[in-house]
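Everything below belongs to target_3.cif, which stores mmCIF, C-alpha atoms.
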```cif
data_start
loop_
_atom_site.label_atom_id
_atom_site.label_comp_id
_atom_site.auth_asym_id
_atom_site.auth_seq_id
_atom_site.Cartn_x
_atom_site.Cartn_y
_atom_site.Cartn_z
CA MET D 128 0.00 0.00 0.00
CA TYR D 129 1.33 3.43 -0.97
CA VAL D 130 0.06 6.50 0.90
CA THR D 131 1.00 10.17 0.64
CA LEU D 132 0.33 10.84 4.34
CA GLU D 133 0.89 8.58 7.33
CA PRO D 134 -2.37 6.80 8.29
CA HIS D 135 -3.75 8.78 11.21
CA ASP D 136 -3.76 7.22 14.68
CA HIS D 137 -5.78 9.57 16.87
CA GLU D 138 -9.41 9.98 17.81
CA SER D 139 -11.26 12.18 15.35
CA THR D 140 -14.48 12.29 13.37
CA MET D 141 -13.15 9.41 11.24
CA PRO D 142 -12.03 5.91 12.33
CA ARG D 143 -8.27 5.49 12.81
CA CYS D 144 -6.71 4.76 9.42
CA SER D 145 -3.80 2.91 11.02
CA VAL D 146 -6.21 0.42 12.60
CA ALA D 147 -8.01 -0.05 9.26
CA VAL D 148 -4.68 -0.85 7.56
CA VAL D 149 -3.82 -3.44 10.19
CA GLU D 150 -7.26 -5.04 10.00
CA ALA D 151 -7.05 -5.19 6.21
CA GLY D 152 -4.05 -7.53 6.46
CA ILE D 153 -1.74 -5.38 4.32
CA ALA D 154 1.85 -6.64 4.44
CA ARG D 155 3.84 -3.53 3.48
CA VAL D 156 3.09 0.20 3.56
CA VAL D 157 5.12 2.96 1.91
CA VAL D 158 4.46 6.34 3.58
CA GLY D 159 5.28 9.50 1.65
CA ALA D 160 5.30 11.81 4.69
CA LEU D 161 4.69 11.54 8.43
CA ASP D 162 1.53 13.19 9.74
CA PRO D 163 2.52 16.64 11.09
CA ASN D 164 -0.36 16.45 13.57
CA VAL D 165 1.32 15.81 16.94
CA ARG D 166 -1.52 13.47 17.90
CA THR D 167 -0.39 11.03 15.21
CA ASN D 168 3.16 11.98 14.18
CA GLY D 169 4.87 8.58 14.01
CA ASN D 170 2.18 6.77 16.02
CA GLY D 171 0.47 5.40 12.92
CA VAL D 172 3.76 3.97 11.71
CA ALA D 173 4.48 2.52 15.15
CA ARG D 174 1.08 0.81 15.32
CA MET D 175 1.50 -0.78 11.89
CA ARG D 176 5.04 -1.97 12.64
CA ALA D 177 3.91 -3.41 15.97
CA ALA D 178 1.35 -5.46 14.02
CA GLY D 179 4.12 -6.92 11.84
CA ILE D 180 3.64 -4.68 8.82
CA VAL D 181 6.77 -3.55 6.98
CA VAL D 182 6.63 0.25 6.86
CA ASP D 183 8.95 2.46 4.78
CA VAL D 184 8.84 6.22 5.35
CA VAL D 185 10.35 7.99 2.34
CA ASP D 186 9.65 11.60 3.38
CA ASP D 187 10.03 12.73 -0.23
CA PRO D 188 9.53 16.26 -1.66
CA PRO D 189 6.46 15.44 -3.82
CA SER D 190 4.59 14.05 -0.80
CA LEU D 191 5.60 16.99 1.38
CA ALA D 192 4.39 19.35 -1.36
CA LEU D 193 1.02 17.61 -1.49
CA ILE D 194 0.46 18.11 2.25
CA GLU D 195 1.91 21.65 2.35
CA ARG D 196 -1.32 23.44 3.21
CA PHE D 197 -2.45 20.74 5.65
CA ALA D 198 0.94 20.78 7.42
CA TYR D 199 0.73 24.53 7.89
CA THR D 200 -2.86 24.76 9.09
CA ILE D 201 -2.55 21.90 11.57
CA ASP D 202 -0.35 24.11 13.79
CA SER D 203 -1.41 27.63 12.81
CA VAL D 204 -4.31 29.81 13.93
CA LEU D 205 -4.10 31.57 10.55
CA PRO D 206 -5.26 30.28 7.18
CA PHE D 207 -2.70 29.24 4.57
CA VAL D 208 -2.73 32.09 2.05
CA THR D 209 -1.69 31.55 -1.56
CA LEU D 210 -1.31 34.78 -3.50
CA LYS D 211 -2.01 34.57 -7.22
CA MET D 212 -1.11 37.52 -9.40
CA ALA D 213 -0.75 38.03 -13.14
CA MET D 214 1.37 40.72 -14.74
CA SER D 215 2.99 41.86 -17.96
CA LEU D 216 6.73 41.54 -18.54
CA ASP D 217 7.16 45.10 -17.32
CA GLY D 218 5.29 44.51 -14.05
CA PHE D 219 1.75 45.81 -14.62
CA VAL D 220 -1.64 44.14 -14.24
CA SER D 221 -3.32 46.45 -16.72
CA PRO D 222 -2.48 49.37 -19.02
CA ARG D 223 -5.32 51.22 -17.29
CA PRO D 224 -7.93 50.45 -14.60
CA GLY D 225 -10.71 48.17 -15.78
CA MET D 226 -8.68 46.25 -18.39
CA HIS D 227 -8.01 43.02 -16.55
CA ARG D 228 -7.34 40.34 -19.19
CA VAL D 229 -3.63 39.72 -18.70
CA THR D 230 -3.04 36.02 -19.36
CA GLY D 231 -4.39 33.54 -21.88
CA GLU D 232 -7.12 30.93 -21.56
CA GLU D 233 -4.80 28.13 -20.38
CA ALA D 234 -3.59 30.24 -17.46
CA ARG D 235 -7.16 31.15 -16.52
CA GLU D 236 -8.08 27.46 -16.50
CA ARG D 237 -5.15 26.82 -14.15
CA VAL D 238 -6.48 29.51 -11.83
CA TYR D 239 -9.84 27.72 -11.68
CA ASP D 240 -7.91 24.62 -10.56
CA LEU D 241 -6.22 26.69 -7.84
CA ARG D 242 -9.59 27.98 -6.67
CA ALA D 243 -10.88 24.43 -6.37
CA GLU D 244 -7.88 23.48 -4.20
CA HIS D 245 -8.61 26.17 -1.58
CA ASP D 246 -11.48 26.77 0.81
CA ALA D 247 -11.95 30.35 -0.38
CA VAL D 248 -10.98 32.82 -3.09
CA MET D 249 -10.35 36.36 -1.86
CA VAL D 250 -10.01 39.80 -3.47
CA GLY D 251 -9.98 43.41 -2.36
CA ALA D 252 -12.99 45.69 -2.68
CA GLY D 253 -11.22 47.68 -5.40
CA THR D 254 -11.12 44.59 -7.62
CA VAL D 255 -14.84 44.03 -7.08
CA ARG D 256 -15.64 47.66 -7.94
CA VAL D 257 -13.51 47.70 -11.08
CA ASP D 258 -13.94 44.16 -12.44
CA ASP D 259 -17.19 42.94 -10.80
CA PRO D 260 -15.94 39.30 -10.76
CA LEU D 261 -17.98 36.19 -10.00
CA LEU D 262 -15.06 34.46 -8.20
CA THR D 263 -16.52 31.05 -8.97
CA ILE D 264 -14.98 27.75 -10.06
CA ARG D 265 -15.66 26.89 -13.66
CA PRO D 266 -16.67 24.24 -14.49
CA HIS D 267 -18.25 23.48 -11.13
CA ARG D 268 -16.64 20.71 -9.05
CA THR D 269 -18.60 19.09 -6.27
CA ARG D 270 -17.07 18.72 -2.82
CA VAL D 271 -18.30 18.27 0.76
CA LYS D 272 -17.16 21.63 2.14
CA PRO D 273 -18.90 24.59 0.44
CA TYR D 274 -16.72 27.05 -1.43
CA ALA D 275 -16.42 30.59 -0.11
CA ARG D 276 -15.88 33.97 -1.74
CA VAL D 277 -14.20 36.63 0.40
CA VAL D 278 -13.89 40.39 -0.06
CA ILE D 279 -11.58 42.64 1.96
CA CYS D 280 -13.34 45.98 2.39
CA GLU D 281 -12.34 48.87 4.65
CA THR D 282 -14.02 51.95 3.21
CA ALA D 283 -17.53 52.23 1.80
CA PRO D 284 -19.62 49.04 1.51
CA LEU D 285 -19.78 47.39 -1.87
CA PRO D 286 -22.84 47.74 -4.12
CA LEU D 287 -25.41 45.08 -3.29
CA ALA D 288 -25.73 44.34 -7.00
CA SER D 289 -22.09 43.16 -7.21
CA ARG D 290 -21.94 39.73 -8.83
CA VAL D 291 -19.81 38.35 -5.99
CA PHE D 292 -22.92 38.47 -3.75
CA ALA D 293 -25.20 36.65 -6.19
CA PRO D 294 -25.70 32.88 -5.86
CA PRO D 295 -23.60 31.22 -8.59
CA PRO D 296 -25.80 30.05 -11.46
CA ASP D 297 -26.16 26.41 -12.45
CA VAL D 298 -24.63 24.83 -9.32
CA PRO D 299 -26.28 22.50 -6.77
CA PRO D 300 -27.77 24.24 -3.70
CA GLY D 301 -25.28 24.58 -0.88
CA SER D 302 -22.22 24.52 -3.12
CA TYR D 303 -21.23 28.03 -1.97
CA ARG D 304 -21.60 29.59 1.45
CA PRO D 305 -22.72 33.23 1.66
CA THR D 306 -20.00 35.62 0.53
CA ILE D 307 -17.79 36.78 3.40
CA VAL D 308 -16.92 40.47 3.77
CA LEU D 309 -14.07 41.42 6.12
CA ALA D 310 -14.34 45.01 7.37
CA PRO D 311 -12.99 47.18 10.23
CA ALA D 312 -15.02 46.95 13.43
CA GLY D 313 -15.30 50.73 13.59
CA LEU D 314 -17.49 50.75 10.47
CA ALA D 315 -20.18 48.39 11.77
CA GLU D 316 -23.05 50.78 11.03
CA GLU D 317 -21.92 51.41 7.45
CA PHE D 318 -21.85 47.67 6.74
CA ALA D 319 -25.10 46.74 8.51
CA LEU D 320 -27.14 46.57 5.29
CA LEU D 321 -24.79 43.98 3.78
CA ASN D 322 -25.63 41.46 6.51
CA ALA D 323 -28.84 40.50 4.78
CA GLN D 324 -26.99 39.49 1.62
CA CYS D 325 -23.68 38.11 2.89
CA GLU D 326 -21.66 37.24 5.99
CA VAL D 327 -19.94 40.37 7.37
CA LEU D 328 -17.08 39.81 9.80
CA MET D 329 -16.11 43.00 11.64
CA CYS D 330 -12.43 42.79 12.58
CA GLY D 331 -10.06 44.55 14.96
CA GLU D 332 -10.62 47.05 17.74
CA PRO D 333 -14.15 48.52 18.14
CA ASP D 334 -13.06 51.96 16.92
CA ALA D 335 -10.80 50.73 14.10
CA HIS D 336 -11.37 52.38 10.71
CA GLN D 337 -8.50 50.63 8.94
CA LEU D 338 -8.51 46.87 8.57
CA ASP D 339 -5.91 44.92 10.53
CA LEU D 340 -5.15 42.18 8.03
CA ARG D 341 -3.88 39.76 10.64
CA ALA D 342 -7.09 40.21 12.63
CA ALA D 343 -9.03 39.67 9.40
CA MET D 344 -7.18 36.42 8.68
CA LEU D 345 -7.78 35.25 12.25
CA ALA D 346 -11.49 35.97 11.80
CA LEU D 347 -11.49 34.08 8.52
CA ARG D 348 -9.90 31.03 10.14
CA GLY D 349 -12.42 31.30 12.95
CA ALA D 350 -15.15 31.15 10.31
CA GLY D 351 -13.86 27.77 9.13
CA ILE D 352 -11.64 28.91 6.25
CA ALA D 353 -8.31 27.06 6.44
CA THR D 354 -6.90 27.83 2.99
CA VAL D 355 -7.29 30.99 0.91
CA LEU D 356 -6.40 31.86 -2.67
CA CYS D 357 -6.00 35.63 -2.89
CA GLU D 358 -6.27 37.08 -6.39
CA GLY D 359 -5.43 40.69 -5.56
CA GLY D 360 -5.75 43.46 -6.37
CA PRO D 361 -2.34 45.12 -6.22
CA THR D 362 -2.90 47.01 -2.95
CA LEU D 363 -4.23 44.02 -1.02
CA ALA D 364 -1.49 41.79 -2.45
CA ALA D 365 1.29 44.15 -1.35
CA ARG D 366 -0.19 44.61 2.12
CA LEU D 367 -0.57 40.86 2.67
CA ILE D 368 3.05 40.25 1.68
CA ALA D 369 4.32 43.13 3.83
CA ALA D 370 2.35 41.76 6.81
CA GLY D 371 3.94 38.32 6.44
CA LEU D 372 0.57 36.67 5.83
CA VAL D 373 1.36 35.00 2.49
CA GLU D 374 2.77 31.47 2.48
CA ARG D 375 2.99 30.84 -1.26
CA ILE D 376 2.85 32.89 -4.43
CA VAL D 377 1.72 31.78 -7.88
CA TRP D 378 2.88 34.44 -10.31
CA PHE D 379 1.79 34.47 -13.95
CA VAL D 380 3.84 36.51 -16.41
CA ALA D 381 2.31 37.36 -19.78
CA PRO D 382 4.39 38.16 -22.88
CA ALA D 383 3.17 41.75 -23.08
CA PHE D 384 4.17 45.29 -22.13
CA PHE D 385 1.58 47.49 -20.42
CA ALA D 386 3.59 50.56 -19.40
CA ALA D 387 1.49 53.64 -20.12
CA PRO D 388 0.11 56.65 -18.27
CA GLY D 389 -2.28 55.18 -15.72
CA ALA D 390 -0.93 51.62 -15.95
CA VAL D 391 -1.64 49.61 -12.77
CA PRO D 392 1.46 48.07 -11.08
CA VAL D 393 1.25 44.47 -9.88
CA LEU D 394 2.03 45.51 -6.26
CA ASN D 395 1.11 48.86 -4.81
CA GLY D 396 0.92 50.80 -1.56
CA ALA D 397 3.14 48.87 0.87
CA ASP D 398 6.82 48.78 1.85
CA LEU D 399 8.18 45.37 0.84
CA SER D 400 11.84 46.05 1.64
CA ALA D 401 11.73 43.87 4.77
CA ILE D 402 11.26 40.71 2.67
CA ALA D 403 13.53 41.59 -0.24
CA ASN D 404 15.62 38.47 0.43
CA GLY D 405 14.92 34.88 1.34
CA TRP D 406 12.42 33.90 -1.34
CA THR D 407 12.45 30.23 -2.30
CA PHE D 408 11.44 29.67 -5.92
CA ASP D 409 10.39 26.08 -6.49
CA GLY D 410 8.57 25.99 -9.81
CA VAL D 411 8.66 27.48 -13.29
CA GLU D 412 6.20 26.26 -15.90
CA ARG D 413 4.94 27.40 -19.26
CA VAL D 414 1.14 27.55 -19.27
CA GLY D 415 -0.10 28.24 -22.77
CA ASN D 416 1.73 31.36 -23.87
CA ASP D 417 2.34 32.54 -20.30
CA LEU D 418 4.88 31.71 -17.61
CA MET D 419 3.88 30.50 -14.14
CA ILE D 420 6.37 30.93 -11.29
CA THR D 421 5.78 29.56 -7.80
CA ALA D 422 7.62 30.34 -4.57
CA ARG D 423 7.49 30.08 -0.79
CA LEU D 424 7.78 33.38 1.04
CA PRO D 425 9.86 34.18 4.12
CA HIS D 426 8.12 35.69 7.13
CA VAL D 427 8.79 39.18 8.39
#
```
Please render this file's structure as C-alpha cells.
Amino acid sequence: MYVTLEPHDHESTMPRCSVAVVEAGIARVVVGALDPNVRTNGNGVARMRAAGIVVDVVDDPPSLALIERFAYTIDSVLPFVTLKMAMSLDGFVSPRPGMHRVTGEEARERVYDLRAEHDAVMVGAGTVRVDDPLLTIRPHRTRVKPYARVVICETAPLPLASRVFAPPPDVPPGSYRPTIVLAPAGLAEEFALLNAQCEVLMCGEPDAHQLDLRAAMLALRGAGIATVLCEGGPTLAARLIAAGLVERIVWFVAPAFFAAPGAVPVLNGADLSAIANGWTFDGVERVGNDLMITARLPHV
C-alpha cells in the first residue's frame, strides 16, 4: 500500500486509518510523509510496525508538497494564504484600470484549478468595484465543504448588486456559502445593510477604521476557512506580503508590455523592503503562452 500521508492514529471524526490498515491484512506500507499532527506523528507507523507490517517512510519532496497546506494549518491559527497575481513583462496588471485580461485561456483554467484546491478565493474591494468578478470555479466541481468567496473591504460598503454576492448560477444548492466580507469593526453601522446578503465579519478594535489584516485572517480562520487563494488586487497583495501573511505565491507573467500613463502596477501601496531576500522559488512552468512561477515566502 502506498500513501501520501501517514495513516492517522488519533481519535477524530473518522475511524483510525492505522487500525483499518492493520485489520485489512496489508503486508507492506510505503508512507510519503509523516503526519505533522502531533496526535499522530509517528504513532500510525508505530502501530502498523507493531502489528508486523513492513513500513517504509520515504519523506520525499512530492509528498511533502502535497500536504503543504495541511501541514501549515494543523499548527497555525491563521489560514494558509496563496497569492495569485498576473502581470505583464514590465510589471503591470493592466495598461489602465478596468482592463483586466492579462493572461491567456490556459492560465485562466489553471487559476480555476487553484480555486478548487482552496477553501476560499479572496479579493480586495477595489477589484470588485472595477472588475465585478464572480469568483466562482468553472466548471463546477462538487465537494463536501462549500466554497467561499471573500472580499476585503475597509471603506464604503460594496454595491449590493455586485456579482460576488449573487448565488452562482447552475450549481447545486449549498455549493457556496454566503459571501464573506471582512471590514474594520469601527465601520459596523456602514456595513449593517450587507448582513442580509452576505456574511460580514467585523475585525479589529471597536473603533478601528483601517482593517488589521492579521485580525481579518484570524477571523477568517475562525469562520472555518483554512486555505485561501488571494487574487489581488495590487494594494491588497502588497499589504498581505508586507504583513507576512502569504505562504505561497503563484505568479503568472504574460508576454506583453503594459507601461502607459495610468498603468496599474502588480504591487502597490506597501513597503516590501523587509522581505527583499529569502524567497524560495520552487517551480517554473509554461502555461499556454504565459509563464507560471511559484515560490514560498519568508516571514517578516
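Using only C-alpha atoms, the nearest neighbour of Leu210 in chain D within the list D:Ile402, D:Val248, D:Ala288, D:Val308 is D:Val248.
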- Query: Selected by the PyMOL selection byres ((chain D and resi 268-285) around 6) in the shown coordinates: which residues, as JSON, numbers by chain?
  - Reply: {"D": [246, 247, 248, 249, 250, 251, 252, 267, 286, 302, 303, 304, 306, 307, 308, 309, 310, 311, 318, 338]}
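Using only C-alpha atoms, the shortest contact distance between Asp187 in chain D and any of D:Met175, D:Val327, D:Leu132, D:Met212 is found at D:Leu132.
You will find CA of Gly218 in chain D at 6.0 Å from CA of Pro392 in chain D.
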- Task: Taking the file as shown, find all residues satisfying the PyMOL selection byres ((chain D and resi 162) around 10) and write them as a VMD selection string.
- Result: chain D and resid 131 to 136 158 to 161 163 to 172 194 197 to 198 201
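CA of Val291 in chain D to CA of Ala353 in chain D spans 20.4 Å [interatomic distance, one decimal].
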- Task: Using the chain letters and numbering of this document, enumerate as an NGL selection string the residues selected by the PyMOL selection byres ((chain D and resi 356-366) around 9).
- Result: :D and (207-213 or 220 or 241-242 or 244-254 or 277 or 279 or 340 or 354-355 or 367-373 or 391-399)
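When CA of Pro260 in chain D is paired with CA of Pro224 in chain D, their separation reads 14.3 Å.
Closest to Thr230 in chain D among D:Val414, D:Val298, D:Ala154, D:Cys325 is D:Val414, based on all atoms listed in the file.
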- Item | Contacts of Gly313 in chain D at 9 Å (only C-alpha atoms; same-chain gap of 3+ positions) as a list in words | Ala310, Glu316, Met329, Cys330, Gly331, Glu332, Pro333, Asp334, Ala335, His336 and Gln337 of chain D
Same residues, C-alpha atoms, saved as an mmCIF file, in the frame of the given file:
```cif
data_model
loop_
_atom_site.group_PDB
_atom_site.id
_atom_site.type_symbol
_atom_site.label_atom_id
_atom_site.label_comp_id
_atom_site.auth_asym_id
_atom_site.auth_seq_id
_atom_site.Cartn_x
_atom_site.Cartn_y
_atom_site.Cartn_z
ATOM 1 C CA ALA D 310 -14.340 45.010 7.370
ATOM 2 C CA GLU D 316 -23.050 50.780 11.030
ATOM 3 C CA MET D 329 -16.110 43.000 11.640
ATOM 4 C CA CYS D 330 -12.430 42.790 12.580
ATOM 5 C CA GLY D 331 -10.060 44.550 14.960
ATOM 6 C CA GLU D 332 -10.620 47.050 17.740
ATOM 7 C CA PRO D 333 -14.150 48.520 18.140
ATOM 8 C CA ASP D 334 -13.060 51.960 16.920
ATOM 9 C CA ALA D 335 -10.800 50.730 14.100
ATOM 10 C CA HIS D 336 -11.370 52.380 10.710
ATOM 11 C CA GLN D 337 -8.500 50.630 8.940
#
```
- Item | Residues within 9 Å of Val204 in chain D, all atoms listed in the file, excluding chain neighbours under 2 positions, as a count of residues only | 9
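Restricting the calculation to all atoms listed in the file, the smallest distance between Phe379 in chain D and any of D:Arg265, D:Arg196, D:Arg413, D:Arg143 is found for D:Arg413.
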- Name the closest residue to Val130 in chain D among the candidates D:Ala151, D:Val229, D:Val184, D:Val146; distances are taken between atoms, counting only C-alpha atoms. D:Val184
